[in-house]
$ cat data_1.pdb   # PDB, C-alpha atoms
ATOM      1  CA  MET A   4     -26.364 -21.365   8.349
ATOM      2  CA  SER A   5     -24.121 -22.094   5.356
ATOM      3  CA  THR A   6     -20.327 -21.976   5.479
ATOM      4  CA  ASN A   7     -20.366 -18.944   3.151
ATOM      5  CA  THR A   8     -22.776 -17.071   5.425
ATOM      6  CA  ASN A   9     -20.661 -17.904   8.465
ATOM      7  CA  ARG A  10     -17.514 -16.773   6.637
ATOM      8  CA  ARG A  11     -18.996 -13.420   5.660
ATOM      9  CA  ILE A  12     -20.364 -12.782   9.149
ATOM     10  CA  PHE A  13     -17.001 -13.782  10.608
ATOM     11  CA  LEU A  14     -15.099 -11.459   8.237
ATOM     12  CA  GLY A  15     -17.378  -8.548   9.143
ATOM     13  CA  VAL A  16     -16.885  -9.129  12.866
ATOM     14  CA  VAL A  17     -13.137  -9.670  12.487
ATOM     15  CA  SER A  18     -12.824  -6.436  10.488
ATOM     16  CA  ALA A  19     -14.704  -4.422  13.097
ATOM     17  CA  VAL A  20     -12.717  -5.938  15.965
ATOM     18  CA  ALA A  21      -9.414  -5.438  14.146
ATOM     19  CA  VAL A  22     -10.127  -1.753  13.535
ATOM     20  CA  ALA A  23     -11.232  -1.189  17.136
ATOM     21  CA  THR A  24      -8.226  -3.073  18.491
ATOM     22  CA  ALA A  25      -5.725  -1.198  16.319
ATOM     23  CA  GLU A  26      -7.235   2.190  17.141
ATOM     24  CA  ALA A  27      -7.359   1.395  20.846
ATOM     25  CA  ALA A  28      -3.716   0.377  20.846
ATOM     26  CA  ASP A  29      -2.776   3.582  18.974
ATOM     27  CA  MET A  30      -0.397   1.584  16.840
ATOM     28  CA  GLU A  31       1.051   2.427  13.445
ATOM     29  CA  ARG A  32      -0.885   0.553  10.746
ATOM     30  CA  VAL A  33      -0.462  -0.169   7.079
ATOM     31  CA  THR A  34      -2.708   2.007   4.938
ATOM     32  CA  GLY A  35      -3.689  -0.608   2.372
ATOM     33  CA  ILE A  36      -2.338  -3.176  -0.017
ATOM     34  CA  GLY A  37       0.422  -1.668  -2.138
ATOM     35  CA  GLY A  38       0.756  -4.551  -4.569
ATOM     36  CA  PHE A  39      -0.168  -8.126  -5.244
ATOM     37  CA  PHE A  40       2.562 -10.285  -6.749
ATOM     38  CA  PHE A  41       2.235 -13.858  -7.950
ATOM     39  CA  ARG A  42       3.825 -16.270 -10.378
ATOM     40  CA  ALA A  43       2.242 -16.868 -13.771
ATOM     41  CA  LYS A  44       2.959 -19.172 -16.694
ATOM     42  CA  ASP A  45       2.542 -16.262 -19.125
ATOM     43  CA  PRO A  46       2.845 -12.993 -17.147
ATOM     44  CA  LYS A  47       2.394 -10.629 -20.112
ATOM     45  CA  SER A  48      -0.820 -12.165 -21.430
ATOM     46  CA  LEU A  49      -2.231 -12.619 -17.922
ATOM     47  CA  ALA A  50      -1.527  -8.953 -17.074
ATOM     48  CA  LYS A  51      -3.274  -7.983 -20.329
ATOM     49  CA  TRP A  52      -6.289 -10.161 -19.391
ATOM     50  CA  TYR A  53      -6.622  -8.342 -16.037
ATOM     51  CA  ALA A  54      -6.370  -4.968 -17.798
ATOM     52  CA  ASP A  55      -8.803  -5.873 -20.591
ATOM     53  CA  HIS A  56     -11.469  -7.573 -18.484
ATOM     54  CA  LEU A  57     -11.210  -6.088 -14.977
ATOM     55  CA  GLY A  58      -9.669  -2.680 -15.639
ATOM     56  CA  VAL A  59      -6.525  -3.346 -13.591
ATOM     57  CA  ASP A  60      -3.887  -1.322 -15.446
ATOM     58  CA  LEU A  61      -0.484  -2.803 -16.145
ATOM     59  CA  VAL A  62       2.477  -1.678 -14.072
ATOM     60  CA  PRO A  63       4.069   1.274 -15.888
ATOM     61  CA  SER A  64       7.487   0.794 -17.427
ATOM     62  CA  ASN A  65       8.784   4.092 -15.993
ATOM     63  CA  TYR A  66       8.499   6.186 -12.848
ATOM     64  CA  THR A  67       6.626   9.111 -14.428
ATOM     65  CA  ASP A  68       3.459   7.158 -15.312
ATOM     66  CA  SER A  69       1.022   6.242 -12.549
ATOM     67  CA  PRO A  70       0.182   2.661 -11.609
ATOM     68  CA  TRP A  71      -3.399   1.382 -11.256
ATOM     69  CA  ARG A  72      -5.152   3.066  -8.353
ATOM     70  CA  GLN A  73      -7.904   1.246  -6.565
ATOM     71  CA  GLY A  74     -10.898   3.023  -5.107
ATOM     72  CA  ALA A  75     -10.902   3.552  -1.368
ATOM     73  CA  GLY A  76     -12.900   0.983   0.513
ATOM     74  CA  PRO A  77     -12.783  -2.000   2.802
ATOM     75  CA  CYS A  78     -10.416  -4.896   2.286
ATOM     76  CA  ALA A  79     -10.892  -8.298   3.913
ATOM     77  CA  PHE A  80      -7.558  -9.803   4.882
ATOM     78  CA  GLN A  81      -8.130 -13.326   6.150
ATOM     79  CA  PRO A  82      -5.994 -16.474   6.176
ATOM     80  CA  PHE A  83      -8.094 -19.592   5.619
ATOM     81  CA  PRO A  84      -7.406 -23.122   6.860
ATOM     82  CA  GLU A  85      -5.461 -25.229   4.366
ATOM     83  CA  THR A  86      -8.518 -27.464   4.089
ATOM     84  CA  THR A  87     -10.958 -24.689   3.049
ATOM     85  CA  LYS A  88     -13.439 -25.549   0.320
ATOM     86  CA  TYR A  89     -14.228 -21.868  -0.312
ATOM     87  CA  PHE A  90     -11.845 -21.760  -3.282
ATOM     88  CA  ASP A  91      -9.840 -24.211  -5.392
ATOM     89  CA  GLU A  92      -7.851 -26.498  -3.099
ATOM     90  CA  THR A  93      -4.909 -26.525  -5.531
ATOM     91  CA  LYS A  94      -4.455 -22.753  -5.122
ATOM     92  CA  ARG A  95      -2.886 -20.971  -2.147
ATOM     93  CA  TRP A  96      -4.745 -17.684  -2.600
ATOM     94  CA  MET A  97      -7.903 -16.047  -3.933
ATOM     95  CA  LEU A  98      -8.061 -12.387  -4.896
ATOM     96  CA  ASN A  99     -11.237 -10.395  -4.162
ATOM     97  CA  PHE A 100     -12.048  -7.306  -6.237
ATOM     98  CA  ARG A 101     -14.628  -4.732  -5.155
ATOM     99  CA  VAL A 102     -17.061  -3.748  -7.928
ATOM    100  CA  ARG A 103     -19.709  -1.016  -8.156
ATOM    101  CA  ASN A 104     -22.288  -3.170  -9.959
ATOM    102  CA  LEU A 105     -21.920  -6.952  -9.817
ATOM    103  CA  ASP A 106     -24.550  -7.651 -12.483
ATOM    104  CA  THR A 107     -22.990  -5.233 -14.984
ATOM    105  CA  MET A 108     -19.484  -6.608 -14.373
ATOM    106  CA  ALA A 109     -20.694 -10.218 -14.693
ATOM    107  CA  ALA A 110     -22.513  -9.408 -17.952
ATOM    108  CA  GLN A 111     -19.392  -7.712 -19.327
ATOM    109  CA  LEU A 112     -17.208 -10.712 -18.447
ATOM    110  CA  ARG A 113     -19.730 -13.226 -19.791
ATOM    111  CA  ALA A 114     -19.939 -11.272 -23.067
ATOM    112  CA  ALA A 115     -16.172 -11.842 -23.344
ATOM    113  CA  GLY A 116     -16.697 -15.604 -22.883
ATOM    114  CA  ILE A 117     -15.657 -15.711 -19.208
ATOM    115  CA  THR A 118     -17.634 -17.955 -16.864
ATOM    116  CA  VAL A 119     -18.916 -16.071 -13.814
ATOM    117  CA  GLU A 120     -20.906 -17.714 -11.025
ATOM    118  CA  ILE A 121     -22.966 -15.214  -9.034
ATOM    119  CA  ASP A 122     -23.876 -16.318  -5.523
ATOM    120  CA  PRO A 123     -27.698 -16.177  -5.467
ATOM    121  CA  LYS A 124     -27.720 -14.994  -1.847
ATOM    122  CA  SER A 125     -27.360 -11.393  -0.807
ATOM    123  CA  TYR A 126     -25.463 -10.950   2.465
ATOM    124  CA  PRO A 127     -25.572  -8.029   4.905
ATOM    125  CA  ASN A 128     -22.195  -6.880   3.541
ATOM    126  CA  GLY A 129     -23.060  -7.356  -0.140
ATOM    127  CA  ARG A 130     -23.154  -9.744  -3.068
ATOM    128  CA  PHE A 131     -20.428 -12.025  -4.428
ATOM    129  CA  ALA A 132     -19.452 -13.823  -7.615
ATOM    130  CA  HIS A 133     -16.635 -16.205  -8.531
ATOM    131  CA  LEU A 134     -14.561 -16.709 -11.659
ATOM    132  CA  LYS A 135     -11.089 -17.823 -12.694
ATOM    133  CA  ASP A 136      -8.433 -16.030 -14.679
ATOM    134  CA  PRO A 137      -6.957 -17.767 -17.762
ATOM    135  CA  GLU A 138      -4.431 -19.637 -15.585
ATOM    136  CA  GLY A 139      -7.143 -20.976 -13.278
ATOM    137  CA  ASN A 140      -6.479 -18.620 -10.366
ATOM    138  CA  PRO A 141      -9.644 -18.064  -8.297
ATOM    139  CA  LEU A 142     -11.119 -14.565  -8.196
ATOM    140  CA  GLU A 143     -14.025 -13.192  -6.226
ATOM    141  CA  LEU A 144     -16.036 -10.102  -7.137
ATOM    142  CA  TRP A 145     -17.697  -8.231  -4.288
ATOM    143  CA  GLU A 146     -20.402  -5.585  -4.538
ATOM    144  CA  PRO A 147     -20.326  -4.103  -0.998
ATOM    145  CA  LYS A 148     -23.439  -2.829   0.777
ATOM    146  CA  GLY A 149     -24.280  -1.552   4.218
ATOM    147  CA  SER A 150     -21.366  -0.377   6.349
ATOM    148  CA  ASP A 151     -18.913  -1.923   3.850
ATOM    149  CA  GLU A 152     -20.006   0.387   1.003
ATOM    150  CA  HIS A 153     -17.703   3.219   1.996
TER     151      HIS A 153
END
$ encode --input "data_1.pdb" --output "structure tokens"
Amino acid sequence: MSTNTNRRIFLGVVSAVAVATAEAADMERVTGIGGFFFRAKDPKSLAKWYADHLGVDLVPSNYTDSPWRQGAGPCAFQPFPETTKYFDETKRWMLNFRVRNLDTMAAQLRAAGITVEIDPKSYPNGRFAHLKDPEGNPLELWEPKGSDEH
């Protein structure tokens, strides 16, 4: 089995175990990711790139406008070993975005001149593609299927 297959199986098992463990312990849990903050060489143009190409709205400049709201769904939260080859070794993170239709999103990005590599394999939890933002940060697109669809 490939490393990617093992990773996806592992993430599915870890997610199921984490949910069962948290529910069994009756502990207070976070309800999702409330923000993702990172340094950029050109924050304004990078924020515009995310809005223009992925539909992630910019943070509003006041408290009356609403920020970007993601659709409800699963979120894999997984630290990787420092030596992982799954994403660029010069980067400390990779952001995964859920998408409804991987092929449509990839075609849209490619039409804008963005290189997208779709993993040819389909996994029990969905399909994946990889790309980089203009500053070289690794991104993963995920079209969930099976129990991860909802």
$ resolve_selection --input "data_1.pdb" --expression "the PyMOL selection byres ((chain A and resi 45-49) around 12)" --output "list in words"
Phe40, Phe41, Arg42, Ala43, Lys44, Ala50, Lys51, Trp52, Tyr53, Ala54, Asp55, His56, Leu57, Val59, Asp60, Leu61, Val62, Lys135, Asp136, Pro137, Glu138, Gly139 and Asn140 of chain A
$ atom_distance --input "data_1.pdb" --atom1 "atom CA of A:Arg32" --atom2 "atom CA of A:Ala75"
16.0 Å
$ resolve_selection --input "data_1.pdb" --expression "the PyMOL selection byres ((chain A and resi 118-130) around 7)" --output "JSON, numbers by chain"
{"A": [109, 113, 116, 117, 131, 132, 133, 134, 145, 146, 147, 148, 149, 151]}
$ atom_distance --input "data_1.pdb" --atom1 "atom CA of A:Ala79" --atom2 "atom CA of A:Pro63"
26.6 Å
$ closest_residue --input "data_1.pdb" --among "A:Lys94, A:Gly58, A:Thr34, A:Asn99" --to "A:Pro70" --atoms "all atoms listed in the file"
A:Gly58
$ closest_residue --input "data_1.pdb" --among "A:Glu85, A:Glu143, A:Asp29, A:Asp68" --to "A:Phe100" --atoms "only C-alpha atoms"
A:Glu143
$ atom_distance --input "data_1.pdb" --atom1 "atom CA of A:Trp96" --atom2 "atom CA of A:Gln73"
19.6 Å
$ closest_residue --input "data_1.pdb" --among "A:Gln81, A:Ser64, A:Pro141, A:Gln111" --to "A:Thr93" --atoms "all atoms listed in the file"
A:Pro141
$ residues_near_point --input "data_1.pdb" --point "(-0.8, -4.1, -1.6)" --cutoff "12 Å" --atoms "only C-alpha atoms" --output "JSON, numbers by chain"
{"A": [33, 34, 35, 36, 37, 38, 39, 40, 71, 72, 73, 78, 80, 98]}
$ axis_aligned_box --input "data_1.pdb" --around "stretch 80-84 of chain A" --padding-each-side "4 Å" --output "lines of an AutoDock Vina configuration file"
center_x = -7.1
center_y = -16.5
center_z = 5.9
size_x = 10.1
size_y = 21.3
size_z = 10.0
$ build_atoms --input "data_1.pdb" --residues "stretch 84-101 of chain A" --atoms "N, CA and C atoms" --output "compact mmCIF listing (two decimals), keeping the file's coordinate frame"
# COMPACT_ATOMS: atom_id res chain seq x y z
N PRO A 84 -8.05 -21.82 6.59
CA PRO A 84 -7.41 -23.12 6.86
C PRO A 84 -6.97 -23.76 5.54
N GLU A 85 -5.92 -24.55 5.58
CA GLU A 85 -5.46 -25.23 4.37
C GLU A 85 -6.54 -26.12 3.76
N THR A 86 -7.48 -26.55 4.55
CA THR A 86 -8.52 -27.46 4.09
C THR A 86 -9.78 -26.75 3.60
N THR A 87 -9.76 -25.41 3.46
CA THR A 87 -10.96 -24.69 3.05
C THR A 87 -11.49 -25.21 1.71
N LYS A 88 -12.77 -25.19 1.58
CA LYS A 88 -13.44 -25.55 0.32
C LYS A 88 -13.97 -24.29 -0.36
N TYR A 89 -13.69 -23.12 0.23
CA TYR A 89 -14.23 -21.87 -0.31
C TYR A 89 -13.66 -21.55 -1.69
N PHE A 90 -12.41 -21.92 -1.94
CA PHE A 90 -11.84 -21.76 -3.28
C PHE A 90 -10.97 -22.97 -3.61
N ASP A 91 -10.56 -23.06 -4.85
CA ASP A 91 -9.84 -24.21 -5.39
C ASP A 91 -8.73 -24.69 -4.46
N GLU A 92 -8.81 -25.95 -4.07
CA GLU A 92 -7.85 -26.50 -3.10
C GLU A 92 -6.43 -26.59 -3.65
N THR A 93 -6.26 -26.48 -4.97
CA THR A 93 -4.91 -26.52 -5.53
C THR A 93 -4.24 -25.15 -5.53
N LYS A 94 -4.99 -24.12 -5.14
CA LYS A 94 -4.46 -22.75 -5.12
C LYS A 94 -4.23 -22.29 -3.69
N ARG A 95 -3.23 -21.45 -3.49
CA ARG A 95 -2.89 -20.97 -2.15
C ARG A 95 -3.52 -19.62 -1.84
N TRP A 96 -4.19 -19.01 -2.82
CA TRP A 96 -4.74 -17.68 -2.60
C TRP A 96 -5.99 -17.50 -3.46
N MET A 97 -6.78 -16.50 -3.12
CA MET A 97 -7.90 -16.05 -3.93
C MET A 97 -7.93 -14.53 -3.80
N LEU A 98 -8.04 -13.84 -4.90
CA LEU A 98 -8.06 -12.39 -4.90
C LEU A 98 -9.50 -11.91 -5.02
N ASN A 99 -9.89 -10.97 -4.16
CA ASN A 99 -11.24 -10.40 -4.16
C ASN A 99 -11.15 -8.97 -4.69
N PHE A 100 -11.97 -8.67 -5.70
CA PHE A 100 -12.05 -7.31 -6.24
C PHE A 100 -13.40 -6.69 -5.88
N ARG A 101 -13.38 -5.46 -5.36
CA ARG A 101 -14.63 -4.73 -5.16
C ARG A 101 -15.13 -4.24 -6.50
